[in-house]
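**Student:** Data: structure01.cif, mmCIF, C-alpha atoms.
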```cif
data_coords
loop_
_atom_site.label_atom_id
_atom_site.label_comp_id
_atom_site.auth_asym_id
_atom_site.auth_seq_id
_atom_site.Cartn_x
_atom_site.Cartn_y
_atom_site.Cartn_z
CA MET M 1 -65.59 7.00 -36.16
CA GLN M 2 -62.02 8.23 -36.44
CA ARG M 3 -60.92 9.84 -39.69
CA PRO M 4 -57.93 8.13 -41.35
CA LEU M 5 -54.39 9.41 -40.91
CA TYR M 6 -53.85 12.59 -42.90
CA ASN M 7 -50.77 13.93 -44.73
CA ASP M 8 -48.14 14.71 -42.05
CA GLU M 9 -49.58 11.98 -39.85
CA LEU M 10 -48.77 9.40 -42.52
CA CYS M 11 -45.24 10.79 -42.74
CA VAL M 12 -44.83 10.47 -38.96
CA LEU M 13 -46.13 6.91 -39.08
CA TYR M 14 -43.64 6.15 -41.87
CA CYS M 15 -40.83 7.33 -39.57
CA ILE M 16 -42.09 5.16 -36.71
CA GLU M 17 -42.35 2.08 -38.90
CA HIS M 18 -39.12 2.46 -40.86
CA LEU M 19 -36.67 3.66 -38.22
CA SER M 20 -35.22 0.73 -36.30
CA LYS M 21 -34.48 0.98 -32.59
CA GLN M 22 -30.80 1.28 -33.44
CA ASP M 23 -31.41 4.21 -35.82
CA PHE M 24 -34.16 6.02 -33.95
CA PHE M 25 -31.79 8.32 -32.07
CA ASN M 26 -28.99 8.59 -34.60
CA HIS M 27 -30.74 9.18 -37.91
CA ALA M 28 -32.73 12.01 -39.49
CA LEU M 29 -36.48 11.55 -39.65
CA PHE M 30 -37.94 10.69 -43.03
CA LYS M 31 -40.41 12.71 -45.14
CA ASP M 32 -39.10 16.14 -44.00
CA GLN M 33 -40.48 15.65 -40.51
CA ALA M 34 -39.42 17.47 -37.35
CA PHE M 35 -40.69 15.80 -34.18
CA PRO M 36 -39.19 15.66 -30.64
CA ARG M 37 -37.42 12.32 -30.82
CA PHE M 38 -38.10 11.07 -27.29
CA TYR M 39 -41.80 11.90 -27.54
CA LEU M 40 -42.05 10.19 -30.92
CA TYR M 41 -40.33 7.11 -29.51
CA LEU M 42 -42.96 6.83 -26.74
CA ILE M 43 -45.75 7.11 -29.29
CA GLY M 44 -44.11 4.41 -31.38
CA VAL M 45 -43.71 2.05 -28.41
CA LEU M 46 -47.33 2.45 -27.28
CA SER M 47 -48.90 2.23 -30.73
CA GLY M 48 -46.73 -0.78 -31.58
CA PHE M 49 -48.66 -2.85 -29.03
CA TYR M 50 -51.85 -2.04 -30.98
CA HIS M 51 -50.42 -2.57 -34.47
CA TYR M 52 -50.25 1.22 -35.09
CA SER M 53 -54.02 1.69 -35.00
CA VAL M 54 -55.30 5.22 -35.48
CA LEU M 55 -56.54 5.58 -31.90
CA SER M 56 -53.26 4.36 -30.40
CA LEU M 57 -51.23 6.77 -32.55
CA ARG M 58 -53.39 9.70 -31.46
CA PHE M 59 -53.62 8.67 -27.81
CA PHE M 60 -50.80 10.86 -26.48
CA PRO M 61 -51.86 13.99 -28.44
CA LEU M 62 -55.43 13.61 -27.16
CA VAL M 63 -54.42 13.08 -23.54
CA SER M 64 -51.95 15.98 -23.79
CA MET M 65 -54.60 18.43 -25.01
CA LEU M 66 -57.13 17.28 -22.42
CA ALA M 67 -54.52 17.73 -19.69
CA ALA M 68 -53.53 21.10 -21.17
CA PHE M 69 -57.14 22.27 -20.93
CA PHE M 70 -57.29 21.60 -17.19
CA VAL M 71 -53.85 23.10 -16.55
CA TRP M 72 -54.71 26.28 -18.41
CA ALA M 73 -58.14 26.41 -16.76
CA SER M 74 -56.36 26.35 -13.39
CA ILE M 75 -54.12 29.22 -14.50
CA ALA M 76 -57.07 31.28 -15.72
CA ARG M 77 -59.09 30.59 -12.57
CA ARG M 78 -56.32 32.10 -10.46
CA GLU M 79 -55.86 35.34 -12.44
CA LEU M 80 -59.18 36.10 -14.13
CA LYS M 81 -62.51 37.04 -12.62
CA GLU M 82 -65.48 34.71 -13.01
CA LYS M 83 -66.61 36.40 -16.22
CA GLY M 84 -63.08 36.40 -17.60
CA PHE M 85 -62.69 32.73 -16.73
CA PHE M 86 -65.90 31.95 -18.63
CA PHE M 87 -64.57 33.80 -21.70
CA PHE M 88 -61.30 31.85 -21.51
CA ILE M 89 -63.06 28.47 -21.38
CA LEU M 90 -65.38 29.48 -24.22
CA SER M 91 -62.41 30.68 -26.28
CA TRP M 92 -60.81 27.26 -25.91
CA ALA M 93 -64.00 25.48 -26.93
CA ALA M 94 -64.35 27.74 -29.98
CA SER M 95 -60.75 27.31 -31.16
CA GLY M 96 -60.62 25.12 -34.24
CA MET M 97 -56.83 24.80 -33.90
CA LEU M 98 -56.92 23.55 -30.32
CA VAL M 99 -59.71 21.12 -31.12
CA TYR M 100 -58.08 19.83 -34.29
CA TYR M 101 -54.61 19.23 -32.86
CA ALA M 102 -56.09 17.33 -29.94
CA ALA M 103 -56.67 14.54 -32.45
CA GLU M 104 -53.68 14.66 -34.81
CA LEU M 105 -50.47 12.67 -34.68
CA LYS M 106 -48.22 15.68 -34.10
CA GLN M 107 -46.45 17.22 -31.12
CA TYR M 108 -48.36 20.49 -30.93
CA SER M 109 -50.89 19.50 -28.26
CA PHE M 110 -48.03 18.53 -25.96
CA ASP M 111 -46.44 21.96 -26.61
CA VAL M 112 -49.65 23.55 -25.29
CA LEU M 113 -49.48 21.34 -22.19
CA VAL M 114 -45.82 22.15 -21.56
CA ALA M 115 -46.45 25.90 -21.84
CA GLY M 116 -49.27 25.52 -19.32
CA ILE M 117 -47.07 23.56 -16.90
CA PHE M 118 -44.41 26.26 -16.98
CA PHE M 119 -46.92 29.06 -16.46
CA LEU M 120 -48.62 27.16 -13.63
CA PHE M 121 -45.27 26.78 -11.89
CA LEU M 122 -44.25 30.40 -12.45
CA GLN M 123 -47.64 31.60 -11.25
CA ARG M 124 -47.39 29.70 -7.96
CA LEU M 125 -43.63 29.66 -7.42
CA ARG M 126 -43.65 32.24 -4.62
CA ASP M 127 -46.36 30.35 -2.73
CA LEU M 128 -44.63 26.97 -2.80
CA PRO M 129 -42.36 25.67 -0.02
CA PHE M 130 -38.65 25.60 -0.79
CA TRP M 131 -38.37 21.84 -1.34
CA LYS M 132 -41.19 21.87 -3.91
CA VAL M 133 -39.60 24.75 -5.81
CA ALA M 134 -36.28 22.91 -5.84
CA PHE M 135 -37.80 19.59 -6.93
CA ILE M 136 -40.03 21.01 -9.68
CA SER M 137 -37.32 23.36 -10.97
CA CYS M 138 -34.99 20.41 -11.51
CA LEU M 139 -37.70 18.43 -13.32
CA LEU M 140 -38.90 21.13 -15.70
CA PRO M 141 -35.85 21.06 -18.03
CA LEU M 142 -36.65 17.39 -18.74
CA LEU M 143 -39.70 18.56 -20.70
CA GLY M 144 -37.30 19.76 -23.40
CA ALA M 145 -36.87 16.15 -24.47
CA PHE M 146 -40.53 16.04 -25.46
CA SER M 147 -41.28 19.60 -26.57
CA TYR M 148 -39.02 22.06 -28.37
CA PRO M 149 -40.87 25.18 -27.06
CA ALA M 150 -39.99 24.07 -23.52
CA PHE M 151 -36.56 25.60 -24.06
CA PHE M 152 -38.16 29.03 -24.49
CA PHE M 153 -39.43 28.92 -20.90
CA LEU M 154 -36.23 27.85 -19.17
CA ILE M 155 -34.92 31.41 -19.02
CA PHE M 156 -37.89 32.57 -16.93
CA VAL M 157 -37.33 29.95 -14.25
CA LEU M 158 -33.61 30.80 -14.34
CA TRP M 159 -34.30 34.50 -13.75
CA ASN M 160 -36.71 33.83 -10.88
CA LEU M 161 -34.31 31.44 -9.16
CA PHE M 162 -31.53 34.00 -9.53
CA SER M 163 -33.75 36.71 -8.00
CA LEU M 164 -34.75 34.46 -5.12
CA GLY M 165 -31.12 33.45 -4.62
CA ILE M 166 -30.15 37.05 -3.89
CA LYS M 167 -32.32 36.99 -0.77
CA ASP M 168 -32.10 33.31 0.18
CA VAL M 169 -28.83 31.39 -0.16
CA ARG M 170 -30.67 28.08 -0.47
CA PHE M 171 -31.95 29.05 -3.91
CA ARG M 172 -28.38 29.50 -5.13
CA LEU M 173 -27.87 25.75 -4.81
CA VAL M 174 -31.12 25.16 -6.68
CA LEU M 175 -29.99 27.61 -9.35
CA GLY M 176 -26.73 25.74 -9.82
CA ALA M 177 -28.49 22.38 -10.09
CA TYR M 178 -31.06 23.86 -12.47
CA MET M 179 -28.40 25.29 -14.79
CA PHE M 180 -26.54 21.98 -14.78
CA ILE M 181 -29.67 20.00 -15.71
CA CYS M 182 -30.56 22.55 -18.41
CA ALA M 183 -27.11 22.17 -19.95
CA ILE M 184 -27.40 18.38 -19.87
CA MET M 185 -30.83 18.45 -21.52
CA VAL M 186 -29.75 20.86 -24.25
CA GLY M 187 -26.80 18.59 -24.98
CA LEU M 188 -28.89 15.42 -25.03
CA VAL M 189 -31.62 16.87 -27.25
CA TYR M 190 -29.03 18.24 -29.64
CA TYR M 191 -27.01 15.03 -29.77
CA PHE M 192 -29.91 12.60 -30.12
CA ASP M 193 -32.32 14.79 -32.08
CA LEU M 194 -31.53 18.23 -33.43
CA ARG M 195 -28.17 17.43 -35.01
CA PHE M 196 -29.94 14.97 -37.30
CA THR M 197 -32.55 17.47 -38.40
CA ASP M 198 -32.42 17.68 -42.17
CA LYS M 199 -30.93 21.10 -42.94
CA SER M 200 -32.56 21.02 -46.35
CA LEU M 201 -35.89 21.34 -44.53
CA ILE M 202 -35.04 24.98 -43.87
CA GLY M 203 -34.19 25.49 -47.52
CA LEU M 204 -37.41 23.82 -48.65
CA PHE M 205 -39.62 25.94 -46.41
CA PRO M 206 -38.06 29.41 -46.05
CA GLN M 207 -41.55 30.90 -45.74
CA TYR M 208 -41.73 29.62 -42.17
CA PHE M 209 -38.92 31.87 -40.94
CA VAL M 210 -38.39 35.60 -40.47
CA SER M 211 -35.91 36.81 -43.08
CA VAL M 212 -33.37 39.62 -42.63
CA LYS M 213 -32.21 39.82 -46.25
CA SER M 214 -33.37 43.43 -46.28
CA ILE M 215 -35.38 45.77 -44.09
CA GLY M 216 -38.36 45.44 -46.41
CA ILE M 217 -38.28 41.62 -46.39
CA PHE M 218 -37.78 41.61 -42.63
CA LEU M 219 -40.83 43.78 -42.06
CA GLN M 220 -42.86 41.73 -44.53
CA THR M 221 -42.01 38.35 -43.04
CA LEU M 222 -42.35 39.62 -39.48
CA THR M 223 -45.75 41.16 -40.24
CA GLU M 224 -46.93 37.96 -41.89
CA GLY M 225 -45.77 35.96 -38.87
CA VAL M 226 -47.59 38.22 -36.43
CA ASN M 227 -50.66 38.11 -38.67
CA ASN M 228 -50.67 34.31 -38.46
CA LEU M 229 -50.28 34.63 -34.71
CA ILE M 230 -53.53 36.61 -34.37
CA ALA M 231 -55.73 35.42 -37.23
CA ARG M 232 -55.89 31.64 -37.31
CA TRP M 233 -56.98 30.29 -33.94
CA PHE M 234 -60.67 29.84 -34.67
CA VAL M 235 -62.46 28.61 -37.79
CA VAL M 236 -60.56 30.23 -40.66
CA LYS M 237 -62.96 29.72 -43.58
CA PRO M 238 -65.01 31.53 -44.77
CA LEU M 239 -62.22 34.11 -44.82
CA TRP M 240 -64.30 36.82 -43.18
CA LEU M 241 -64.12 34.80 -39.95
CA ARG M 242 -60.36 35.26 -40.00
CA TYR M 243 -60.82 39.04 -40.13
CA ILE M 244 -63.04 38.88 -37.05
CA THR M 245 -60.46 36.75 -35.24
CA ARG M 246 -57.74 39.26 -36.15
CA PHE M 247 -59.88 42.09 -34.79
CA PHE M 248 -60.33 40.53 -31.35
CA MET M 249 -56.83 39.07 -31.01
CA THR M 250 -55.34 42.49 -31.78
CA PHE M 251 -56.57 43.57 -28.36
CA GLY M 252 -54.55 40.72 -26.91
CA MET M 253 -51.44 42.02 -28.65
CA ILE M 254 -52.17 45.51 -27.31
CA GLU M 255 -52.37 44.06 -23.81
CA LEU M 256 -49.09 42.25 -24.44
CA ALA M 257 -47.43 45.57 -25.27
CA ILE M 258 -48.93 47.87 -22.66
CA GLY M 259 -49.21 45.41 -19.80
CA PHE M 260 -45.60 44.22 -19.63
CA LYS M 261 -44.15 47.08 -17.59
CA GLY M 262 -46.91 46.97 -15.01
CA LYS M 263 -46.88 43.19 -14.66
CA PHE M 264 -43.09 42.98 -14.47
CA LYS M 265 -43.06 45.63 -11.76
CA GLU M 266 -45.98 43.99 -9.99
CA ASP M 267 -44.07 40.69 -10.03
CA GLY M 268 -41.15 42.36 -8.25
CA CYS M 269 -39.02 42.42 -11.41
CA GLY M 270 -39.62 38.72 -11.89
CA PHE M 271 -41.58 36.52 -14.26
CA TYR M 272 -44.57 35.13 -12.41
CA SER M 273 -47.46 36.11 -14.67
CA ILE M 274 -48.48 35.72 -18.29
CA GLY M 275 -48.38 39.48 -18.79
CA ALA M 276 -44.70 39.61 -17.79
CA VAL M 277 -43.63 36.49 -19.70
CA ALA M 278 -45.54 36.88 -22.99
CA PRO M 279 -43.58 39.82 -24.55
CA ILE M 280 -40.21 38.18 -23.85
CA LEU M 281 -41.52 34.86 -25.15
CA LEU M 282 -42.63 36.55 -28.38
CA LEU M 283 -39.21 38.16 -28.81
CA GLU M 284 -37.55 34.78 -28.26
CA MET M 285 -39.64 33.18 -31.01
CA ILE M 286 -38.85 35.98 -33.45
CA CYS M 287 -35.11 35.89 -32.69
CA PHE M 288 -34.89 32.12 -33.08
CA SER M 289 -36.82 32.40 -36.32
CA ILE M 290 -34.33 34.96 -37.66
CA PHE M 291 -31.54 32.44 -36.98
CA ARG M 292 -33.53 29.72 -38.80
CA ILE M 293 -34.01 27.66 -35.66
CA PHE M 294 -37.73 28.07 -34.96
CA PRO M 295 -40.47 28.36 -37.65
CA PHE M 296 -42.30 31.34 -36.16
CA ARG M 297 -44.44 31.81 -39.27
CA LEU M 298 -45.78 28.25 -39.12
CA THR M 299 -49.06 28.65 -37.22
CA ARG M 300 -49.24 25.19 -35.68
CA ALA M 301 -45.67 25.52 -34.38
CA VAL M 302 -46.79 28.45 -32.21
CA LEU M 303 -49.99 26.76 -31.05
CA PHE M 304 -48.71 26.95 -27.47
CA PHE M 305 -49.07 30.75 -27.74
CA CYS M 306 -52.79 30.43 -28.49
CA PRO M 307 -54.02 30.18 -24.84
CA ILE M 308 -51.65 33.02 -23.94
CA LEU M 309 -53.27 35.27 -26.54
CA PHE M 310 -56.76 34.30 -25.37
CA PHE M 311 -55.72 35.18 -21.83
CA LEU M 312 -54.26 38.55 -22.83
CA THR M 313 -57.31 39.45 -24.93
CA ILE M 314 -59.60 38.83 -21.98
CA GLN M 315 -57.28 40.79 -19.69
CA PHE M 316 -57.57 43.74 -22.06
CA PHE M 317 -61.36 43.59 -21.85
CA MET M 318 -61.11 43.56 -18.05
CA ARG M 319 -58.69 46.49 -18.13
CA LEU M 320 -61.01 48.44 -20.44
CA GLU M 321 -63.98 47.68 -18.18
CA LYS M 322 -62.40 49.73 -15.39
CA ARG M 323 -61.99 52.81 -17.59
CA TRP M 324 -64.72 52.60 -20.23
CA GLU M 325 -67.41 50.21 -19.16
CA GLY M 326 -69.70 50.80 -22.15
CA ALA M 327 -67.05 50.01 -24.76
CA SER M 328 -65.90 46.99 -22.79
CA PHE M 329 -69.46 45.65 -22.56
CA PHE M 330 -69.90 46.02 -26.32
CA LEU M 331 -66.60 44.25 -27.09
CA GLN M 332 -67.28 41.45 -24.63
CA SER M 333 -70.76 40.90 -26.02
CA ALA M 334 -69.47 40.82 -29.59
CA TYR M 335 -66.66 38.46 -28.60
CA ALA M 336 -69.08 36.13 -26.83
CA CYS M 337 -71.32 35.99 -29.93
CA PHE M 338 -68.32 35.25 -32.14
CA LEU M 339 -67.14 32.47 -29.82
CA LEU M 340 -70.57 30.88 -29.72
CA PHE M 341 -70.76 31.01 -33.51
CA SER M 342 -67.30 29.46 -33.88
CA ALA M 343 -68.09 26.75 -31.34
CA GLY M 344 -71.28 26.05 -33.26
CA LEU M 345 -69.32 25.61 -36.49
CA ILE M 346 -66.98 23.15 -34.80
CA MET M 347 -69.93 21.20 -33.46
CA TRP M 348 -71.47 21.17 -36.93
CA ILE M 349 -68.26 19.77 -38.41
CA ALA M 350 -67.98 17.15 -35.68
CA LEU M 351 -71.56 15.98 -36.17
CA HIS M 352 -71.56 16.00 -39.98
CA GLY M 353 -68.18 14.52 -40.80
CA ASN M 354 -64.63 13.80 -39.72
CA LEU M 355 -62.57 16.67 -38.36
CA ALA M 356 -60.46 17.69 -41.34
CA LEU M 357 -58.58 20.81 -42.32
CA ASN M 358 -60.62 21.51 -45.44
CA LEU M 359 -63.97 19.93 -44.67
CA THR M 360 -66.83 21.49 -46.64
CA VAL M 361 -69.80 22.47 -44.50
CA LEU M 362 -72.49 25.14 -44.42
CA PRO M 363 -73.89 26.55 -47.69
CA ARG M 364 -70.36 27.13 -48.96
CA TYR M 365 -67.47 26.08 -46.73
CA ALA M 366 -65.88 26.33 -43.33
CA SER M 367 -62.67 24.85 -42.00
CA PHE M 368 -60.13 25.01 -39.23
#
```
Let's see the structure in the file written out as structure tokens.

**Tutor:**
Amino acid sequence: MQRPLYNDELCVLYCIEHLSKQDFFNHALFKDQAFPRFYLYLIGVLSGFYHYSVLSLRFFPLVSMLAAFFVWASIARRELKEKGFFFFILSWAASGMLVYYAAELKQYSFDVLVAGIFFLFLQRLRDLPFWKVAFISCLLPLLGAFSYPAFFFLIFVLWNLFSLGIKDVRFRLVLGAYMFICAIMVGLVYYFDLRFTDKSLIGLFPQYFVSVKSIGIFLQTLTEGVNNLIARWFVVKPLWLRYITRFFMTFGMIELAIGFKGKFKEDGCGFYSIGAVAPILLLEMICFSIFRIFPFRLTRAVLFFCPILFFLTIQFFMRLEKRWEGASFFLQSAYACFLLFSAGLIMWIALHGNLALNLTVLPRYASF
């Protein structure tokens, strides 16, 4: 049985029901909501046929997360060994955030899918025939109409097309078409969506952004943002589970820092792997947060970074295995036990009640 609509979901439904077709693309969303307008319109059209039932409203988020799982599994299968691939799949199954947002009326599951689509393309770009690269490159900017984080990834495709264009003149034409489509999409999304975003939303929730009022505040807000990025992907209550998550995900951040140079060089000074893309992607999020454009400190807004961090954490374990097998075996064993425990908690919640953010289970409590 589906749980009823919860908090933000009700606000999104209010927007769907109270914005007419004439106002949908030229009016700010109600209830302090930020939602890609074209994606929200599709949800509204589909759910309207079913009188806005709970299942119809959550259909697109569910399908998006299911598709994201298979896309990311394909990415992991290509780059990780069999054991690493198993850890990645288990990490996904143990992630309370990924499970929860597969069944909530918000855009975050589609963000995860879009990030996976971009990485899948970047990963296989050099192996694709020219016409496929040209066709897919011109389609990818269209994802910006349905997912704000899609705009973060456009620069990586741009760089790769530019690099390929130096050696092959055909890619210069693709690069020109790609830049033109990107410009069109940025203009359309701004005109029909972002320009109507309620500016007071930023004033109401300054805690979601990195502040540069002073060096101290900058370091504090940045540290808190990074802490959210590494501590909240699994079950977060009891609080000691968050400390364990932070411990393991820190290795992913170490891999992000130390692996960039090697991966970028290995990619021929291009962006074809997660290790090369992830540090630049993180810097993009922080910079856009400083300019009050992207809420970096809002955990669900960076949900698309979750599979990336899982991937990097596992890569660190594989790197450590080559140099210090004993320590790597200990960390991998501990990580596997933690994942099994977290997956067990999620299963307990699913079997004993509706999936909710603050559902009370176990002797005391546990939640996503």

**Student:** Check the smallest atom-to-atom distance from each of M:Leu143, M:Tyr39, M:Phe171, M:Gln332 to Pro129 of chain M using only C-alpha atoms, then report the winner.

**Tutor:**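 Among the listed residues, M:Phe171 lies closest to Pro129 of chain M.
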
**Student:** If we count only C-alpha atoms, what is near Ile184 of chain M at a cut-off of 10 Å, once residues fewer than 6 positions away on the same chain are taken out, given as a PyMOL selection string?

**Tutor:** chain M and resi 141-142+178+190

**Student:** Take the point (-33.6, 29.2, 0.2) as written in the file and pick out every residue within 10 Å of it, counting all atoms listed in the file; give the list as a PyMOL selection string.

**Tutor:** chain M and resi 129-131+133-134+161+164-174

**Student:** Of the residues M:Thr299, M:Ser333, M:Ser163, M:Thr250, which is the one nearest to Tyr208 of chain M, using all atoms listed in the file?

**Tutor:**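 Nearest candidate to Tyr208 of chain M out of M:Thr299, M:Ser333, M:Ser163, M:Thr250: M:Thr299.
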
**Student:** Would you compute the distance between atom CA of Gln315 of chain M and atom CA of Ala68 of chain M? Give it in Å to one decimal.

**Tutor:**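 About the pair atom CA of Gln315 of chain M and atom CA of Ala68 of chain M: they are 20.1 Å apart.
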
**Student:** One number please: atom CA of Val210 of chain M to atom CA of Ile290 of chain M, in Å, one decimal.

**Tutor:**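 Between these atoms lies a distance of 5.0 Å.
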
**Student:** I need the output of the PyMOL selection byres ((chain M and resi 118) around 9) for this file as a ChimeraX atom specification; which residues are they?

**Tutor:** /M:113-117,119-123,140,150,153-154,157

**Student:** Measuring between all atoms listed in the file, which one of M:Gly259, M:Pro36, M:Gly187, M:Gly176 shows the shortest distance to Ala278 of chain M?

**Tutor:**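 Residue with the minimum atom-to-atom distance to Ala278 of chain M: M:Gly259.
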
**Student:** Please write as a PDB file with C-alpha atoms, in the coordinates of the input the full residue list that the PyMOL selection byres ((chain M and resi 57) around 9) yields on this file.

**Tutor:**
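Result saved to part11.pdb:
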```pdb
ATOM      1  CA  LEU M  13     -46.130   6.910 -39.080  1.00  0.00           C
ATOM      2  CA  ILE M  43     -45.750   7.110 -29.290  1.00  0.00           C
ATOM      3  CA  GLY M  44     -44.110   4.410 -31.380  1.00  0.00           C
ATOM      4  CA  LEU M  46     -47.330   2.450 -27.280  1.00  0.00           C
ATOM      5  CA  SER M  47     -48.900   2.230 -30.730  1.00  0.00           C
ATOM      6  CA  GLY M  48     -46.730  -0.780 -31.580  1.00  0.00           C
ATOM      7  CA  TYR M  50     -51.850  -2.040 -30.980  1.00  0.00           C
ATOM      8  CA  TYR M  52     -50.250   1.220 -35.090  1.00  0.00           C
ATOM      9  CA  SER M  53     -54.020   1.690 -35.000  1.00  0.00           C
ATOM     10  CA  VAL M  54     -55.300   5.220 -35.480  1.00  0.00           C
ATOM     11  CA  LEU M  55     -56.540   5.580 -31.900  1.00  0.00           C
ATOM     12  CA  SER M  56     -53.260   4.360 -30.400  1.00  0.00           C
ATOM     13  CA  ARG M  58     -53.390   9.700 -31.460  1.00  0.00           C
ATOM     14  CA  PHE M  59     -53.620   8.670 -27.810  1.00  0.00           C
ATOM     15  CA  PHE M  60     -50.800  10.860 -26.480  1.00  0.00           C
ATOM     16  CA  PRO M  61     -51.860  13.990 -28.440  1.00  0.00           C
ATOM     17  CA  GLU M 104     -53.680  14.660 -34.810  1.00  0.00           C
ATOM     18  CA  LEU M 105     -50.470  12.670 -34.680  1.00  0.00           C
TER      19      LEU M 105
END
```

**Student:** Kindly indicate which residue among M:Trp72, M:Val186, M:Phe296, M:Leu80 lies nearest to Phe151 of chain M, using only C-alpha atoms for the distances.

**Tutor:** M:Val186

**Student:** Could you write out as a list of chain:residue names the residues that the PyMOL selection byres ((chain M and resi 307) around 9) matches in the shown file?

**Tutor:**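 Those residues are M:Trp72, M:Phe88, M:Ser91, M:Trp92, M:Val112, M:Gly116, M:Leu303, M:Phe304, M:Phe305, M:Cys306, M:Ile308, M:Leu309, M:Phe310, M:Phe311, M:Leu312.
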
**Student:** Find the distance between atom CA of Asn227 of chain M and atom CA of Leu298 of chain M and write it in Å to one decimal.

**Tutor:**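 Separating atom CA of Asn227 of chain M from atom CA of Leu298 of chain M is a distance of 11.0 Å.
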
**Student:** Determine the nearest neighbour of Phe162 of chain M from the options M:Met179, M:Leu222, M:Leu98, M:Ile314, counting all atoms listed in the file.

**Tutor:**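 The answer is M:Met179, which sits nearest to Phe162 of chain M.
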
**Student:** So which residues fall inside 10 Å of (-40.7, 31.0, -45.3) if we count all atoms listed in the file? Mind giving them as a list in words?

**Tutor:**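 Residues lying no farther than 10 Å from the given point: Ile202, Gly203, Leu204, Phe205, Pro206, Gln207, Tyr208, Phe209, Val210, Ser211, Thr221, Glu224, Gly225, Ser289, Arg292, Pro295, Phe296, Arg297 and Leu298 of chain M.
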